[in-house]
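Student: Please find upload.txt (compact mmCIF, N, CA and C atoms) on the next line:
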```txt
# COMPACT_ATOMS: atom_id res chain seq x y z
N MET A 683 64.41 90.23 146.93
CA MET A 683 65.31 89.79 145.90
C MET A 683 66.74 90.22 146.28
N THR A 684 67.66 89.28 146.28
CA THR A 684 69.04 89.59 146.65
C THR A 684 69.77 90.28 145.50
N LEU A 685 70.94 90.83 145.81
CA LEU A 685 71.72 91.48 144.76
C LEU A 685 72.12 90.51 143.66
N ASN A 686 72.49 89.29 144.05
CA ASN A 686 72.85 88.28 143.04
C ASN A 686 71.67 87.97 142.13
N GLU A 687 70.50 87.86 142.72
CA GLU A 687 69.31 87.58 141.93
C GLU A 687 68.99 88.73 140.99
N LYS A 688 69.15 89.96 141.47
CA LYS A 688 68.90 91.12 140.62
C LYS A 688 69.90 91.18 139.47
N ALA A 689 71.17 90.92 139.77
CA ALA A 689 72.20 90.94 138.73
C ALA A 689 71.92 89.84 137.69
N ALA A 690 71.52 88.67 138.16
CA ALA A 690 71.21 87.57 137.24
C ALA A 690 69.98 87.91 136.39
N TYR A 691 69.02 88.58 137.00
CA TYR A 691 67.81 88.99 136.26
C TYR A 691 68.17 89.96 135.14
N ILE A 692 69.00 90.95 135.46
CA ILE A 692 69.41 91.93 134.46
C ILE A 692 70.20 91.26 133.35
N LYS A 693 71.08 90.33 133.73
CA LYS A 693 71.86 89.60 132.73
C LYS A 693 70.91 88.79 131.83
N GLY A 694 69.91 88.18 132.43
CA GLY A 694 68.93 87.43 131.65
C GLY A 694 68.15 88.32 130.70
N LEU A 695 67.80 89.50 131.15
CA LEU A 695 67.11 90.44 130.26
C LEU A 695 67.98 90.81 129.07
N ALA A 696 69.26 91.09 129.37
CA ALA A 696 70.18 91.46 128.29
C ALA A 696 70.40 90.30 127.33
N ASP A 697 70.55 89.11 127.88
CA ASP A 697 70.73 87.93 127.01
C ASP A 697 69.50 87.68 126.16
N GLY A 698 68.33 87.99 126.71
CA GLY A 698 67.09 87.83 125.97
C GLY A 698 66.98 88.79 124.79
N LEU A 699 67.68 89.90 124.90
CA LEU A 699 67.69 90.86 123.79
C LEU A 699 68.53 90.37 122.63
N ASP A 700 69.36 89.40 122.91
CA ASP A 700 70.25 88.81 121.90
C ASP A 700 71.05 89.91 121.20
N TYR A 701 71.69 90.76 122.02
CA TYR A 701 72.49 91.84 121.47
C TYR A 701 73.80 91.29 120.89
N ASP A 702 74.34 92.01 119.96
CA ASP A 702 75.57 91.60 119.28
C ASP A 702 76.77 92.04 120.12
N LYS A 703 77.48 91.09 120.68
CA LYS A 703 78.59 91.38 121.57
C LYS A 703 79.85 91.82 120.84
N THR A 704 79.79 91.90 119.52
CA THR A 704 80.96 92.32 118.76
C THR A 704 80.90 93.80 118.40
N THR A 705 79.73 94.44 118.57
CA THR A 705 79.62 95.87 118.29
C THR A 705 80.11 96.66 119.49
N ALA A 706 80.34 97.93 119.29
CA ALA A 706 80.79 98.79 120.39
C ALA A 706 79.76 98.82 121.51
N GLU A 707 78.48 98.93 121.15
CA GLU A 707 77.42 98.97 122.16
C GLU A 707 77.32 97.64 122.89
N GLY A 708 77.44 96.57 122.15
CA GLY A 708 77.38 95.24 122.76
C GLY A 708 78.52 95.00 123.71
N LYS A 709 79.70 95.48 123.35
CA LYS A 709 80.86 95.34 124.23
C LYS A 709 80.65 96.12 125.53
N ILE A 710 80.07 97.30 125.41
CA ILE A 710 79.79 98.12 126.60
C ILE A 710 78.77 97.41 127.49
N ILE A 711 77.72 96.90 126.90
CA ILE A 711 76.70 96.19 127.68
C ILE A 711 77.30 94.98 128.38
N ALA A 712 78.10 94.20 127.68
CA ALA A 712 78.73 93.01 128.26
C ALA A 712 79.66 93.41 129.40
N ALA A 713 80.43 94.48 129.20
CA ALA A 713 81.35 94.94 130.25
C ALA A 713 80.59 95.43 131.48
N LEU A 714 79.49 96.15 131.24
CA LEU A 714 78.69 96.63 132.37
C LEU A 714 78.04 95.47 133.13
N LEU A 715 77.58 94.47 132.42
CA LEU A 715 76.99 93.31 133.07
C LEU A 715 78.04 92.58 133.91
N GLU A 716 79.24 92.47 133.39
CA GLU A 716 80.31 91.83 134.15
C GLU A 716 80.67 92.66 135.37
N LEU A 717 80.70 93.98 135.22
CA LEU A 717 80.98 94.87 136.34
C LEU A 717 79.92 94.72 137.44
N VAL A 718 78.67 94.70 137.04
CA VAL A 718 77.58 94.54 138.02
C VAL A 718 77.73 93.21 138.76
N SER A 719 78.05 92.17 138.04
CA SER A 719 78.24 90.86 138.66
C SER A 719 79.40 90.88 139.65
N ASP A 720 80.52 91.47 139.24
CA ASP A 720 81.68 91.54 140.11
C ASP A 720 81.40 92.39 141.35
N MET A 721 80.71 93.50 141.16
CA MET A 721 80.38 94.36 142.29
C MET A 721 79.44 93.66 143.27
N THR A 722 78.51 92.90 142.73
CA THR A 722 77.58 92.15 143.57
C THR A 722 78.32 91.14 144.43
N GLU A 723 79.25 90.41 143.83
CA GLU A 723 80.03 89.43 144.58
C GLU A 723 80.85 90.11 145.66
N GLU A 724 81.45 91.25 145.33
CA GLU A 724 82.28 91.97 146.30
C GLU A 724 81.42 92.50 147.45
N LEU A 725 80.25 93.04 147.14
CA LEU A 725 79.36 93.55 148.18
C LEU A 725 78.89 92.43 149.10
N GLU A 726 78.61 91.27 148.55
CA GLU A 726 78.19 90.15 149.39
C GLU A 726 79.32 89.70 150.31
N ALA A 727 80.56 89.71 149.81
CA ALA A 727 81.70 89.35 150.64
C ALA A 727 81.88 90.37 151.76
N ILE A 728 81.72 91.65 151.44
CA ILE A 728 81.83 92.70 152.46
C ILE A 728 80.72 92.53 153.49
N ASN A 729 79.52 92.21 153.05
CA ASN A 729 78.40 92.02 153.97
C ASN A 729 78.66 90.84 154.91
N GLU A 730 79.22 89.75 154.38
CA GLU A 730 79.54 88.60 155.23
C GLU A 730 80.59 88.99 156.28
N ASP A 731 81.60 89.75 155.86
CA ASP A 731 82.61 90.22 156.81
C ASP A 731 81.99 91.12 157.87
N LEU A 732 81.05 91.96 157.48
CA LEU A 732 80.38 92.85 158.41
C LEU A 732 79.58 92.06 159.44
N VAL A 733 78.89 91.03 159.00
CA VAL A 733 78.12 90.19 159.92
C VAL A 733 79.07 89.52 160.91
N ASP A 734 80.19 89.00 160.42
CA ASP A 734 81.18 88.38 161.30
C ASP A 734 81.71 89.38 162.31
N LEU A 735 81.99 90.60 161.86
CA LEU A 735 82.50 91.64 162.75
C LEU A 735 81.47 92.02 163.80
N GLN A 736 80.21 92.11 163.40
CA GLN A 736 79.15 92.43 164.36
C GLN A 736 79.04 91.35 165.44
N GLU A 737 79.12 90.09 165.02
CA GLU A 737 79.07 88.99 165.98
C GLU A 737 80.26 89.06 166.93
N TYR A 738 81.44 89.35 166.40
CA TYR A 738 82.64 89.46 167.24
C TYR A 738 82.50 90.60 168.24
N ILE A 739 81.99 91.73 167.78
CA ILE A 739 81.81 92.88 168.68
C ILE A 739 80.83 92.54 169.79
N GLU A 740 79.76 91.83 169.45
CA GLU A 740 78.79 91.43 170.47
C GLU A 740 79.42 90.49 171.49
N GLU A 741 80.27 89.57 171.05
CA GLU A 741 80.95 88.67 171.98
C GLU A 741 81.90 89.43 172.88
N VAL A 742 82.62 90.38 172.33
CA VAL A 742 83.54 91.19 173.15
C VAL A 742 82.74 92.00 174.15
N ASP A 743 81.62 92.57 173.71
CA ASP A 743 80.78 93.36 174.59
C ASP A 743 80.26 92.52 175.75
N GLU A 744 79.86 91.28 175.47
CA GLU A 744 79.37 90.40 176.53
C GLU A 744 80.48 90.07 177.52
N ASP A 745 81.70 89.91 177.01
CA ASP A 745 82.81 89.60 177.89
C ASP A 745 83.16 90.76 178.81
N LEU A 746 82.93 91.97 178.34
CA LEU A 746 83.22 93.15 179.17
C LEU A 746 82.13 93.34 180.19
```
Starting from the coordinates I provided, produce the structure as structure tokens.
Tutor:
Amino acid sequence: MTLNEKAAYIKGLADGLDYDKTTAEGKIIAALLELVSDMTEELEAINEDLVDLQEYIEEVDEDL
């Protein structure tokens, strides 16, 4: 299961609880879910950059 899938699963669980997003607790839950989603997107972007960097390093290594 990928990070995006896990984040979506957790969001689905929270949505299934039908929590009140106007209460203090609901606002915290919504903010945490948004944070998890944002962090997941950022981590995937970093991972893509890392894969690109690894490929570049391998090409440079072959050239040497």
Student: Return the single residue from A:Glu707, A:Asp731, A:Asp702, A:Glu723 that is closest to Asn686 (chain A), with distances computed using all atoms listed in the file.
Tutor: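 Of A:Glu707, A:Asp731, A:Asp702, A:Glu723, the one nearest Asn686 (chain A) is A:Glu723, counting all atoms listed in the file.
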Student: Find the distance between CA of Met721 (chain A) and CA of Tyr691 (chain A) and write it in Å to one decimal.
Tutor: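 Distance reported for this atom pair: 14.9 Å.
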Student: Have a look at A:Val718, A:Ile711, A:Leu735, A:Ile728 and name the one nearest to Ala689 (chain A); count only C-alpha atoms.
Tutor: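 Of the candidates, the smallest distance to Ala689 (chain A) is held by A:Val718.
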